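Heads up, the thing below is written out as structure tokens.
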Amino acid sequence: MWGACSLSTRCGKTGYVGGALAGNVVMSHIWTVLRFGWPYLRKYWPRLLMGILLAIGFGLTNASFVWVSRTLFERMDPAYAARRAEEKARATGTPALVKVGWLPRVSEQVQSTLDPWLPKAGRQPDWRQMLGGLLILPVMVAVSRYLGYLATYCNNWVGERFIADVRVQLLEKLYTLSLDFFNRSTLGDLLTRINSDTAALQRCMTNGFNDLVKEPFTIAVVFVALLLVNAPLTLLAVVFLPLCVVPLVILGRKVRRAMQRLVQATVSQANLLVEALSAIRVVKAFGLEGEQSRRYREYIRQSVHHSMKNVQAKELVNPLMEVIGMLGLGLLIVVVFYRQVAVPDLVGFFTGVAVMFTPIKRLANVPMYFAQGSVGVQRLLQIFAEKPTVREPAQPRPTPAFSRSITFEHVSFAYHDQPVLQDIDLTIPKGMKLGIAGESGCGKSTLVNLVFRFYDPQHGSVRFDGVDLRELDSASLRRQMALVSQEVVLFDGTIAENIACGKPGATREEIERAARMAYAHDFIMAKPQGYDSPVGERGVELSAGQRQRICIARAFIRNAPILVLDEATAALDAQAEAEVQAAIDRLEENRTVICVAHRLSTLQKMDQIIVLEKGRIIERGTFAELLALDGVFAQMARRQGLYAAKG
């Protein structure tokens, strides 16, 4: 800061330009972060205000060190006060700030109060003066540092809750988005936004915001104190202060670029970790450990490279500021001796310089925190700006209890302009058991997704008791449906908690009754903790058949009138399939059933079966009728050994 005084006028102009540019960049980052954060921060405004007030108190106590140090040295030289009064009487052109009348009066009143408690040259010290001289500096340090501690605590208290709220709202936002968003996103990127981007924002709010509040006020009040001690020296240093922010312009840009590239590398390595660990059996089976490690090592190398660029830019700030500061300090020492500044003023002035130096260093890091935080904010804003493609109606119609039918009227649907369903006309009356068959990619699962309104058709409509699904509340619609799919999803909790997912708040009696209906009670009770046994991550503590029967129990406890089975037994062996099929047969009783199956044997009891090919219904009828038709369905049955060729 102080070394700027030694630079030329031309450099001074450059400093002003650089300072203005740096100010614009820094303020842009700060404004981005604070504009994003204010809706979350204002709910904690009492604690936030308390932190700001404590920071002001911290700044005032720091400024008092200048006054105390000068006062103590004044009392060592009784003739100094007389000389200073004469100098003030002769001085002209003093800045208006120094002429404020109440400051000298306050100073005189404080000195009068403290006079009996402070030692003074030429006066015999008593116990009060000895005690005051011993304790005045430790007491001031204690007050100052505890005020700083409390200010930091309050700001961190707000910051931690602020980040917790952001993370919760971010997850809630993700839950509102449609499936197509997740199809085009990667899990690693979403995890990085929730964890890493919010962590950068947290550092910005807890460290950067704390320093942004506390340090500028400290610098301001110490600056005023220095003006009172020696205005010419203070103004000489401050004239070229904008030059000190030139390093922040260059380094701030480097931090932002490094942060953006670091985020990209972090997303790539998170994606690889998710893929490798979730598919560990495949990795081991095909001997991919070396290849996956090589890829991860490359991502880590990129991450380390960009992290070090980030560290390099951040850590260069302090050395540069210290070198500039020491150069300026050396210049001021020369000026002090040239002007023959009195010792008390000299001590007070350099005390202020020393007190101000640490806040300036800390404040120099603030642009770095906000540059990093603004990168995270922009990525978070991208998520919050996402709109679901399946939108809830502004005034949804009441969803009645299912009583008539589900109807597809000229329904067409495409993924990225790739047709999946084309002109589907289908009616599923209440109580019907409908089977859906076809080769992979023919649109079977898409038909189910439209029933649940995970997507909306591009053309036509899906109707629930004659009402377009787009006019109904999706949550109330889905409460009338239960899903058992090939993709078994169990959460990392107990067996009872996983069954109760079908009906939040279910009693233990309801849970056990659902498990008995799914033929799961016996193996559950064989577990050491029964229904309170943990299933492990992704249900690793259970066999495939047991996991599927837990899902069927979840459907039983939901007691929904519409049951959707999406390849529910496709991943099971023959024995597990027989066990699960018995539970499914019981689950299907007295319900409307939509059963998607690749194993055609599971469709034998369906009231009607439709066969899809390239998104169109090409055959429909009962199991026997489709075999007699000897078309596509019959060919599929022959390949599975269910039907012998004619002749």
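Each chain in the structure tokens gets a letter, A, B, ..., in the order shown, and its residues are numbered from 1; ligands are numbered from 1 in order too.
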Using DSSP secondary structure from the backbone, list all alpha helix (DSSP H) positions within range 403-558 of chain A, as a JSON list (two decimals) with N, CA and C atoms, in the first residue's frame.
```json
[["chain", "number", "residue", "atom", "x", "y", "z"],
["A", 444, "LYS", "N", -41.98, -49.70, -25.24],
["A", 444, "LYS", "CA", -42.77, -50.26, -24.12],
["A", 444, "LYS", "C", -42.63, -49.39, -22.87],
["A", 445, "SER", "N", -41.40, -49.11, -22.46],
["A", 445, "SER", "CA", -41.20, -48.32, -21.23],
["A", 445, "SER", "C", -41.67, -46.88, -21.41],
["A", 446, "THR", "N", -41.57, -46.36, -22.63],
["A", 446, "THR", "CA", -42.06, -45.00, -22.89],
["A", 446, "THR", "C", -43.56, -44.92, -22.64],
["A", 447, "LEU", "N", -44.29, -45.96, -23.01],
["A", 447, "LEU", "CA", -45.73, -45.99, -22.77],
["A", 447, "LEU", "C", -46.01, -45.88, -21.27],
["A", 448, "VAL", "N", -45.22, -46.59, -20.46],
["A", 448, "VAL", "CA", -45.38, -46.52, -19.00],
["A", 448, "VAL", "C", -45.03, -45.12, -18.49],
["A", 449, "ASN", "N", -43.97, -44.53, -19.03],
["A", 449, "ASN", "CA", -43.58, -43.18, -18.60],
["A", 449, "ASN", "C", -44.68, -42.16, -18.87],
["A", 450, "LEU", "N", -45.41, -42.35, -19.95],
["A", 450, "LEU", "CA", -46.51, -41.43, -20.25],
["A", 450, "LEU", "C", -47.68, -41.64, -19.29],
["A", 451, "VAL", "N", -47.92, -42.87, -18.87],
["A", 451, "VAL", "CA", -48.99, -43.14, -17.90],
["A", 451, "VAL", "C", -48.70, -42.42, -16.59],
["A", 474, "SER", "N", -49.91, -33.96, -10.76],
["A", 474, "SER", "CA", -49.15, -35.20, -10.96],
["A", 474, "SER", "C", -49.01, -36.01, -9.68],
["A", 475, "ALA", "N", -48.81, -35.35, -8.55],
["A", 475, "ALA", "CA", -48.62, -36.07, -7.29],
["A", 475, "ALA", "C", -49.88, -36.86, -6.92],
["A", 476, "SER", "N", -51.05, -36.24, -7.03],
["A", 476, "SER", "CA", -52.28, -36.95, -6.69],
["A", 476, "SER", "C", -52.57, -38.06, -7.70],
["A", 477, "LEU", "N", -52.19, -37.85, -8.97],
["A", 477, "LEU", "CA", -52.35, -38.89, -9.98],
["A", 477, "LEU", "C", -51.49, -40.11, -9.63],
["A", 478, "ARG", "N", -50.23, -39.87, -9.27],
["A", 478, "ARG", "CA", -49.30, -40.97, -9.02],
["A", 478, "ARG", "C", -49.63, -41.71, -7.72],
["A", 495, "ILE", "N", -35.31, -52.51, 6.40],
["A", 495, "ILE", "CA", -36.33, -53.15, 5.57],
["A", 495, "ILE", "C", -37.68, -52.47, 5.77],
["A", 496, "ALA", "N", -38.02, -52.19, 7.02],
["A", 496, "ALA", "CA", -39.31, -51.55, 7.31],
["A", 496, "ALA", "C", -39.40, -50.17, 6.65],
["A", 497, "GLU", "N", -38.32, -49.40, 6.70],
["A", 497, "GLU", "CA", -38.34, -48.06, 6.10],
["A", 497, "GLU", "C", -38.52, -48.14, 4.58],
["A", 498, "ASN", "N", -37.91, -49.15, 3.96],
["A", 498, "ASN", "CA", -38.05, -49.29, 2.51],
["A", 498, "ASN", "C", -39.46, -49.70, 2.11],
["A", 499, "ILE", "N", -40.09, -50.57, 2.89],
["A", 499, "ILE", "CA", -41.47, -50.94, 2.59],
["A", 499, "ILE", "C", -42.39, -49.75, 2.79],
["A", 500, "ALA", "N", -42.15, -48.99, 3.85],
["A", 500, "ALA", "CA", -43.01, -47.85, 4.18],
["A", 500, "ALA", "C", -42.90, -46.71, 3.17],
["A", 508, "ARG", "N", -46.32, -50.29, 11.86],
["A", 508, "ARG", "CA", -45.59, -51.55, 11.76],
["A", 508, "ARG", "C", -46.54, -52.69, 11.36],
["A", 509, "GLU", "N", -47.77, -52.65, 11.84],
["A", 509, "GLU", "CA", -48.74, -53.69, 11.48],
["A", 509, "GLU", "C", -49.00, -53.67, 9.96],
["A", 510, "GLU", "N", -49.15, -52.47, 9.37],
["A", 510, "GLU", "CA", -49.37, -52.37, 7.93],
["A", 510, "GLU", "C", -48.14, -52.86, 7.16],
["A", 511, "ILE", "N", -46.96, -52.55, 7.65],
["A", 511, "ILE", "CA", -45.73, -52.98, 7.00],
["A", 511, "ILE", "C", -45.62, -54.50, 6.99],
["A", 512, "GLU", "N", -45.91, -55.11, 8.14],
["A", 512, "GLU", "CA", -45.81, -56.57, 8.22],
["A", 512, "GLU", "C", -46.88, -57.25, 7.36],
["A", 513, "ARG", "N", -48.08, -56.67, 7.31],
["A", 513, "ARG", "CA", -49.13, -57.25, 6.48],
["A", 513, "ARG", "C", -48.73, -57.19, 5.01],
["A", 514, "ALA", "N", -48.14, -56.08, 4.57],
["A", 514, "ALA", "CA", -47.69, -55.97, 3.18],
["A", 514, "ALA", "C", -46.59, -56.97, 2.89],
["A", 515, "ALA", "N", -45.68, -57.17, 3.84],
["A", 515, "ALA", "CA", -44.59, -58.12, 3.63],
["A", 515, "ALA", "C", -45.13, -59.55, 3.52],
["A", 516, "ARG", "N", -46.12, -59.88, 4.33],
["A", 516, "ARG", "CA", -46.72, -61.22, 4.23],
["A", 516, "ARG", "C", -47.39, -61.41, 2.87],
["A", 517, "MET", "N", -48.08, -60.40, 2.38],
["A", 517, "MET", "CA", -48.73, -60.51, 1.09],
["A", 517, "MET", "C", -47.71, -60.70, -0.04],
["A", 521, "HIS", "N", -42.24, -62.00, 4.50],
["A", 521, "HIS", "CA", -42.17, -61.98, 5.96],
["A", 521, "HIS", "C", -41.18, -63.01, 6.50],
["A", 522, "ASP", "N", -41.18, -64.20, 5.92],
["A", 522, "ASP", "CA", -40.34, -65.28, 6.48],
["A", 522, "ASP", "C", -38.86, -64.94, 6.38],
["A", 523, "PHE", "N", -38.41, -64.49, 5.21],
["A", 523, "PHE", "CA", -36.97, -64.21, 5.12],
["A", 523, "PHE", "C", -36.60, -62.95, 5.90],
["A", 524, "ILE", "N", -37.56, -62.04, 6.07],
["A", 524, "ILE", "CA", -37.28, -60.86, 6.88],
["A", 524, "ILE", "C", -37.06, -61.27, 8.34],
["A", 525, "MET", "N", -37.92, -62.12, 8.86],
["A", 525, "MET", "CA", -37.81, -62.54, 10.26],
["A", 525, "MET", "C", -36.57, -63.39, 10.50],
["A", 544, "ALA", "N", -31.33, -60.92, -5.04],
["A", 544, "ALA", "CA", -32.13, -60.25, -6.05],
["A", 544, "ALA", "C", -33.62, -60.50, -5.84],
["A", 545, "GLY", "N", -33.97, -61.75, -5.56],
["A", 545, "GLY", "CA", -35.38, -62.07, -5.33],
["A", 545, "GLY", "C", -35.93, -61.40, -4.09],
["A", 546, "GLN", "N", -35.12, -61.32, -3.03],
["A", 546, "GLN", "CA", -35.56, -60.65, -1.80],
["A", 546, "GLN", "C", -35.76, -59.16, -2.03],
["A", 547, "ARG", "N", -34.85, -58.56, -2.78],
["A", 547, "ARG", "CA", -34.99, -57.12, -3.07],
["A", 547, "ARG", "C", -36.28, -56.86, -3.84],
["A", 548, "GLN", "N", -36.58, -57.72, -4.81],
["A", 548, "GLN", "CA", -37.78, -57.51, -5.60],
["A", 548, "GLN", "C", -39.04, -57.70, -4.77],
["A", 549, "ARG", "N", -39.02, -58.64, -3.84],
["A", 549, "ARG", "CA", -40.20, -58.85, -2.99],
["A", 549, "ARG", "C", -40.39, -57.69, -2.01],
["A", 550, "ILE", "N", -39.30, -57.04, -1.59],
["A", 550, "ILE", "CA", -39.43, -55.82, -0.78],
["A", 550, "ILE", "C", -40.14, -54.74, -1.60],
["A", 551, "CYS", "N", -39.78, -54.64, -2.89],
["A", 551, "CYS", "CA", -40.43, -53.66, -3.77],
["A", 551, "CYS", "C", -41.91, -54.00, -3.96],
["A", 552, "ILE", "N", -42.22, -55.29, -4.05],
["A", 552, "ILE", "CA", -43.62, -55.70, -4.19],
["A", 552, "ILE", "C", -44.39, -55.39, -2.90],
["A", 553, "ALA", "N", -43.76, -55.59, -1.75],
["A", 553, "ALA", "CA", -44.39, -55.22, -0.48],
["A", 553, "ALA", "C", -44.64, -53.72, -0.43],
["A", 554, "ARG", "N", -43.72, -52.95, -1.00],
["A", 554, "ARG", "CA", -43.91, -51.49, -1.09],
["A", 554, "ARG", "C", -45.14, -51.16, -1.92],
["A", 555, "ALA", "N", -45.36, -51.93, -2.99],
["A", 555, "ALA", "CA", -46.54, -51.72, -3.83],
["A", 555, "ALA", "C", -47.81, -52.16, -3.10],
["A", 556, "PHE", "N", -47.72, -53.25, -2.32],
["A", 556, "PHE", "CA", -48.88, -53.72, -1.55],
["A", 556, "PHE", "C", -49.33, -52.66, -0.55],
["A", 557, "ILE", "N", -48.37, -52.08, 0.16],
["A", 557, "ILE", "CA", -48.74, -51.13, 1.22],
["A", 557, "ILE", "C", -49.31, -49.85, 0.61],
["A", 558, "ARG", "N", -48.94, -49.56, -0.63],
["A", 558, "ARG", "CA", -49.50, -48.38, -1.31],
["A", 558, "ARG", "C", -50.98, -48.58, -1.62]]
```
Tell me, as a short mmCIF file (atom, residue, chain, number, x, y, z; two decimals) with N, CA, C and O atoms, in the first residue's frame, which residues lie within 12 Å of Phe182 in chain A, counting only C-alpha atoms; anything in the same chain fewer than 5 positions away does not count.
```
data_model
loop_
_atom_site.label_atom_id
_atom_site.label_comp_id
_atom_site.auth_asym_id
_atom_site.auth_seq_id
_atom_site.Cartn_x
_atom_site.Cartn_y
_atom_site.Cartn_z
N LEU A 174 -34.12 -29.88 -8.07
CA LEU A 174 -33.86 -31.03 -8.93
C LEU A 174 -35.05 -31.98 -8.95
O LEU A 174 -35.38 -32.55 -10.00
N TYR A 175 -35.71 -32.13 -7.81
CA TYR A 175 -36.88 -33.01 -7.75
C TYR A 175 -38.03 -32.49 -8.61
O TYR A 175 -38.89 -33.26 -9.02
N THR A 176 -38.06 -31.19 -8.86
CA THR A 176 -39.17 -30.64 -9.66
C THR A 176 -38.93 -30.79 -11.16
O THR A 176 -39.86 -30.61 -11.94
N LEU A 177 -37.70 -31.10 -11.56
CA LEU A 177 -37.37 -31.16 -12.98
C LEU A 177 -37.81 -32.49 -13.58
O LEU A 177 -37.89 -33.50 -12.90
N LEU A 187 -24.50 -37.57 -13.47
CA LEU A 187 -24.57 -37.60 -12.01
C LEU A 187 -23.38 -36.90 -11.39
O LEU A 187 -23.51 -36.19 -10.38
N GLY A 188 -22.20 -37.06 -12.00
CA GLY A 188 -21.02 -36.38 -11.47
C GLY A 188 -21.16 -34.87 -11.48
O GLY A 188 -20.77 -34.19 -10.54
N ASP A 189 -21.75 -34.33 -12.55
CA ASP A 189 -21.94 -32.88 -12.64
C ASP A 189 -22.92 -32.40 -11.58
O ASP A 189 -22.69 -31.37 -10.93
N LEU A 190 -24.01 -33.14 -11.39
CA LEU A 190 -25.00 -32.73 -10.39
C LEU A 190 -24.41 -32.80 -8.98
O LEU A 190 -24.64 -31.91 -8.15
N ILE A 383 -28.96 -24.27 -12.72
CA ILE A 383 -29.92 -25.28 -12.25
C ILE A 383 -31.23 -24.61 -11.88
O ILE A 383 -32.32 -25.07 -12.27
N GLU A 386 -33.50 -23.77 -14.72
CA GLU A 386 -34.10 -24.86 -15.49
C GLU A 386 -35.61 -24.91 -15.24
O GLU A 386 -36.08 -24.72 -14.11
N PRO A 388 -39.09 -27.32 -15.78
CA PRO A 388 -39.54 -28.67 -16.13
C PRO A 388 -40.32 -28.66 -17.43
O PRO A 388 -41.13 -27.75 -17.68
N THR A 389 -40.06 -29.64 -18.27
CA THR A 389 -40.83 -29.74 -19.51
C THR A 389 -42.22 -30.26 -19.23
O THR A 389 -43.16 -29.99 -19.99
N PHE A 454 -44.33 -38.88 -16.56
CA PHE A 454 -42.94 -38.48 -16.50
C PHE A 454 -42.61 -37.63 -17.73
O PHE A 454 -41.69 -36.81 -17.69
#
```
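The two atoms in question, CA of Ser69 in chain A and CA of Val213 in chain A, are spaced 25.8 Å apart.
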CA of Glu160 in chain A to CA of Arg35 in chain A: how many Å, to one decimal? 17.6 Å
Check range 432-626 of chain A with DSSP on the backbone and list each residue it calls strand (DSSP E or B), as a ChimeraX atom specification. /A:433-438,459-464,467-468,472,481-485,494,534,562-566,592-596,608-613,616-621
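The shell of residues at most 9 Å from Ala437 in chain A, with only C-alpha atoms counted and near chain neighbours (fewer than 3 positions) removed, consists of Cys442, Lys444, Cys595, Val596, Ala597, His598, Arg599, Leu600, Leu603, Ile609, Ile610, Val611, Leu612 and Phe633 of chain A.
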Which neighbours of range 413-416 of chain A fall inside 10 Å, counting only C-alpha atoms, when residues of the same chain fewer than 6 positions from it are skipped, and could you give them as a PDB file with all heavy atoms, in the first residue's frame?
```pdb
ATOM      1  N   ASP A 180     -36.317 -35.722 -18.613  1.00  0.00           N
ATOM      2  CA  ASP A 180     -35.437 -35.392 -19.729  1.00  0.00           C
ATOM      3  C   ASP A 180     -34.222 -34.590 -19.268  1.00  0.00           C
ATOM      4  O   ASP A 180     -33.139 -34.699 -19.850  1.00  0.00           O
ATOM      5  CB  ASP A 180     -36.200 -34.634 -20.819  1.00  0.00           C
ATOM      6  CG  ASP A 180     -36.753 -33.309 -20.318  1.00  0.00           C
ATOM      7  OD1 ASP A 180     -37.150 -33.239 -19.142  1.00  0.00           O
ATOM      8  OD2 ASP A 180     -36.798 -32.352 -21.112  1.00  0.00           O
ATOM      9  N   GLN A 422     -45.871 -43.806 -32.129  1.00  0.00           N
ATOM     10  CA  GLN A 422     -46.520 -43.153 -33.264  1.00  0.00           C
ATOM     11  C   GLN A 422     -48.002 -43.515 -33.316  1.00  0.00           C
ATOM     12  O   GLN A 422     -48.360 -44.686 -33.464  1.00  0.00           O
ATOM     13  CB  GLN A 422     -45.845 -43.577 -34.583  1.00  0.00           C
ATOM     14  CG  GLN A 422     -44.351 -43.252 -34.644  1.00  0.00           C
ATOM     15  CD  GLN A 422     -43.739 -43.635 -35.968  1.00  0.00           C
ATOM     16  OE1 GLN A 422     -44.192 -43.154 -37.015  1.00  0.00           O
ATOM     17  NE2 GLN A 422     -42.737 -44.494 -35.935  1.00  0.00           N
ATOM     18  N   ASP A 423     -48.839 -42.504 -33.136  1.00  0.00           N
ATOM     19  CA  ASP A 423     -50.297 -42.618 -33.307  1.00  0.00           C
ATOM     20  C   ASP A 423     -50.878 -43.811 -32.540  1.00  0.00           C
ATOM     21  O   ASP A 423     -51.539 -44.683 -33.107  1.00  0.00           O
ATOM     22  CB  ASP A 423     -50.624 -42.736 -34.791  1.00  0.00           C
ATOM     23  CG  ASP A 423     -52.095 -42.410 -35.066  1.00  0.00           C
ATOM     24  OD1 ASP A 423     -52.694 -41.631 -34.287  1.00  0.00           O
ATOM     25  OD2 ASP A 423     -52.646 -42.957 -36.037  1.00  0.00           O
ATOM     26  N   ILE A 424     -50.630 -43.814 -31.231  1.00  0.00           N
ATOM     27  CA  ILE A 424     -51.118 -44.901 -30.377  1.00  0.00           C
ATOM     28  C   ILE A 424     -52.554 -44.611 -29.949  1.00  0.00           C
ATOM     29  O   ILE A 424     -52.832 -43.564 -29.344  1.00  0.00           O
ATOM     30  CB  ILE A 424     -50.232 -45.069 -29.126  1.00  0.00           C
ATOM     31  CG1 ILE A 424     -48.803 -45.447 -29.537  1.00  0.00           C
ATOM     32  CG2 ILE A 424     -50.814 -46.120 -28.186  1.00  0.00           C
ATOM     33  CD1 ILE A 424     -48.677 -46.790 -30.196  1.00  0.00           C
ATOM     34  N   GLY A 443     -40.672 -49.004 -27.589  1.00  0.00           N
ATOM     35  CA  GLY A 443     -41.502 -47.989 -26.934  1.00  0.00           C
ATOM     36  C   GLY A 443     -42.291 -48.478 -25.741  1.00  0.00           C
ATOM     37  O   GLY A 443     -43.162 -47.758 -25.240  1.00  0.00           O
ATOM     38  N   THR A 446     -41.575 -46.364 -22.634  1.00  0.00           N
ATOM     39  CA  THR A 446     -42.063 -44.999 -22.889  1.00  0.00           C
ATOM     40  C   THR A 446     -43.562 -44.915 -22.645  1.00  0.00           C
ATOM     41  O   THR A 446     -44.065 -43.915 -22.109  1.00  0.00           O
ATOM     42  CB  THR A 446     -41.742 -44.583 -24.330  1.00  0.00           C
ATOM     43  OG1 THR A 446     -40.326 -44.648 -24.530  1.00  0.00           O
ATOM     44  CG2 THR A 446     -42.231 -43.175 -24.609  1.00  0.00           C
ATOM     45  N   LEU A 447     -44.288 -45.961 -23.014  1.00  0.00           N
ATOM     46  CA  LEU A 447     -45.728 -45.991 -22.773  1.00  0.00           C
ATOM     47  C   LEU A 447     -46.013 -45.877 -21.275  1.00  0.00           C
ATOM     48  O   LEU A 447     -46.908 -45.136 -20.846  1.00  0.00           O
ATOM     49  CB  LEU A 447     -46.307 -47.292 -23.330  1.00  0.00           C
ATOM     50  CG  LEU A 447     -47.771 -47.276 -23.789  1.00  0.00           C
ATOM     51  CD1 LEU A 447     -47.958 -46.339 -24.963  1.00  0.00           C
ATOM     52  CD2 LEU A 447     -48.217 -48.687 -24.153  1.00  0.00           C
ATOM     53  N   LEU A 450     -45.407 -42.346 -19.948  1.00  0.00           N
ATOM     54  CA  LEU A 450     -46.510 -41.432 -20.248  1.00  0.00           C
ATOM     55  C   LEU A 450     -47.678 -41.636 -19.294  1.00  0.00           C
ATOM     56  O   LEU A 450     -48.374 -40.676 -18.940  1.00  0.00           O
ATOM     57  CB  LEU A 450     -46.977 -41.629 -21.694  1.00  0.00           C
ATOM     58  CG  LEU A 450     -45.975 -41.230 -22.790  1.00  0.00           C
ATOM     59  CD1 LEU A 450     -46.562 -41.536 -24.168  1.00  0.00           C
ATOM     60  CD2 LEU A 450     -45.602 -39.759 -22.693  1.00  0.00           C
ATOM     61  N   TYR A 455     -43.321 -37.841 -18.809  1.00  0.00           N
ATOM     62  CA  TYR A 455     -43.227 -37.033 -20.018  1.00  0.00           C
ATOM     63  C   TYR A 455     -44.638 -36.713 -20.491  1.00  0.00           C
ATOM     64  O   TYR A 455     -45.597 -37.387 -20.103  1.00  0.00           O
ATOM     65  CB  TYR A 455     -42.494 -37.785 -21.147  1.00  0.00           C
ATOM     66  CG  TYR A 455     -41.085 -38.208 -20.829  1.00  0.00           C
ATOM     67  CD1 TYR A 455     -40.799 -39.511 -20.414  1.00  0.00           C
ATOM     68  CD2 TYR A 455     -40.023 -37.318 -20.974  1.00  0.00           C
ATOM     69  CE1 TYR A 455     -39.503 -39.902 -20.126  1.00  0.00           C
ATOM     70  CE2 TYR A 455     -38.730 -37.708 -20.697  1.00  0.00           C
ATOM     71  CZ  TYR A 455     -38.467 -38.995 -20.273  1.00  0.00           C
ATOM     72  OH  TYR A 455     -37.187 -39.380 -19.994  1.00  0.00           O
ATOM     73  N   ASP A 456     -44.747 -35.708 -21.340  1.00  0.00           N
ATOM     74  CA  ASP A 456     -46.001 -35.401 -22.032  1.00  0.00           C
ATOM     75  C   ASP A 456     -45.844 -35.750 -23.507  1.00  0.00           C
ATOM     76  O   ASP A 456     -44.771 -35.516 -24.091  1.00  0.00           O
ATOM     77  CB  ASP A 456     -46.347 -33.913 -21.906  1.00  0.00           C
ATOM     78  CG  ASP A 456     -46.901 -33.564 -20.538  1.00  0.00           C
ATOM     79  OD1 ASP A 456     -47.500 -34.446 -19.900  1.00  0.00           O
ATOM     80  OD2 ASP A 456     -46.719 -32.406 -20.106  1.00  0.00           O
ATOM     81  N   PRO A 457     -46.861 -36.307 -24.125  1.00  0.00           N
ATOM     82  CA  PRO A 457     -46.761 -36.617 -25.557  1.00  0.00           C
ATOM     83  C   PRO A 457     -46.671 -35.345 -26.382  1.00  0.00           C
ATOM     84  O   PRO A 457     -47.253 -34.315 -26.028  1.00  0.00           O
ATOM     85  CB  PRO A 457     -48.052 -37.393 -25.842  1.00  0.00           C
ATOM     86  CG  PRO A 457     -49.003 -36.956 -24.775  1.00  0.00           C
ATOM     87  CD  PRO A 457     -48.173 -36.681 -23.560  1.00  0.00           C
ATOM     88  N   GLN A 458     -45.933 -35.434 -27.508  1.00  0.00           N
ATOM     89  CA  GLN A 458     -45.868 -34.277 -28.412  1.00  0.00           C
ATOM     90  C   GLN A 458     -47.185 -34.095 -29.170  1.00  0.00           C
ATOM     91  O   GLN A 458     -47.561 -32.976 -29.512  1.00  0.00           O
ATOM     92  CB  GLN A 458     -44.723 -34.445 -29.414  1.00  0.00           C
ATOM     93  CG  GLN A 458     -43.349 -34.038 -28.865  1.00  0.00           C
ATOM     94  CD  GLN A 458     -42.627 -35.206 -28.223  1.00  0.00           C
ATOM     95  OE1 GLN A 458     -43.006 -36.350 -28.420  1.00  0.00           O
ATOM     96  NE2 GLN A 458     -41.598 -34.928 -27.446  1.00  0.00           N
ATOM     97  N   HIS A 459     -47.857 -35.209 -29.418  1.00  0.00           N
ATOM     98  CA  HIS A 459     -49.139 -35.159 -30.125  1.00  0.00           C
ATOM     99  C   HIS A 459     -50.116 -36.097 -29.414  1.00  0.00           C
ATOM    100  O   HIS A 459     -49.732 -37.122 -28.863  1.00  0.00           O
ATOM    101  CB  HIS A 459     -48.982 -35.578 -31.594  1.00  0.00           C
ATOM    102  CG  HIS A 459     -48.015 -34.739 -32.364  1.00  0.00           C
ATOM    103  ND1 HIS A 459     -48.323 -33.472 -32.778  1.00  0.00           N
ATOM    104  CD2 HIS A 459     -46.754 -34.991 -32.774  1.00  0.00           C
ATOM    105  CE1 HIS A 459     -47.285 -32.968 -33.423  1.00  0.00           C
ATOM    106  NE2 HIS A 459     -46.312 -33.863 -33.435  1.00  0.00           N
ATOM    107  N   GLY A 460     -51.377 -35.736 -29.439  1.00  0.00           N
ATOM    108  CA  GLY A 460     -52.388 -36.548 -28.793  1.00  0.00           C
ATOM    109  C   GLY A 460     -52.434 -36.319 -27.296  1.00  0.00           C
ATOM    110  O   GLY A 460     -51.839 -35.367 -26.766  1.00  0.00           O
ATOM    111  N   GLY A 615     -42.690 -48.341 -32.423  1.00  0.00           N
ATOM    112  CA  GLY A 615     -43.580 -47.349 -31.845  1.00  0.00           C
ATOM    113  C   GLY A 615     -45.031 -47.462 -32.251  1.00  0.00           C
ATOM    114  O   GLY A 615     -45.826 -46.588 -31.900  1.00  0.00           O
TER     115      GLY A 615
END
```
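Separating CA of Ser185 in chain A from CA of Cys501 in chain A is a distance of 26.1 Å.
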Test item: residues at most 9 Å from Arg261 in chain A, only C-alpha atoms, excluding those fewer than 6 positions along its chain, as a count of residues only: 3
Within 8 Å of range 53-66 of chain A, counting only C-alpha atoms, which residues show up once you throw out same-chain ones fewer than 6 positions away? Write them as a ChimeraX atom specification, please. /A:140,143-145,147-148,150-151,213-215,217-219,221-222,225-226,348-349,351-352,355
Please produce an output containing C-alpha atoms for each residue in the selection, written as a compact mmCIF listing (two decimals), in the first residue's frame.
```
# COMPACT_ATOMS: atom_id res chain seq x y z
CA MET A 140 -7.53 -3.51 24.61
CA VAL A 143 -11.59 -6.57 23.76
CA SER A 144 -10.52 -6.18 20.14
CA ARG A 145 -9.84 -9.85 19.50
CA LEU A 147 -15.07 -8.64 19.24
CA GLY A 148 -13.38 -9.99 16.11
CA LEU A 150 -17.72 -12.85 17.90
CA ALA A 151 -18.09 -11.07 14.56
CA VAL A 213 -17.57 -6.45 6.42
CA LYS A 214 -14.85 -6.29 9.05
CA GLU A 215 -11.66 -5.21 7.31
CA PHE A 217 -14.30 -0.58 8.46
CA THR A 218 -11.08 -1.33 10.35
CA ILE A 219 -9.07 0.32 7.58
CA VAL A 221 -11.28 4.05 11.25
CA VAL A 222 -7.51 3.50 11.43
CA ALA A 225 -6.87 7.96 13.37
CA LEU A 226 -3.78 8.35 11.19
CA GLY A 348 1.25 6.43 16.81
CA PHE A 349 1.62 6.61 13.04
CA THR A 351 1.28 1.66 15.12
CA GLY A 352 -1.58 2.59 12.81
CA VAL A 355 -2.60 -2.30 12.57
```
Go through A:Asp165, A:Glu439, A:Asp126, A:Asp465 one by one, measure the shortest atom-to-atom distance of each to Lys43 in chain A using only C-alpha atoms, and give the residue with the smallest value. A:Asp165
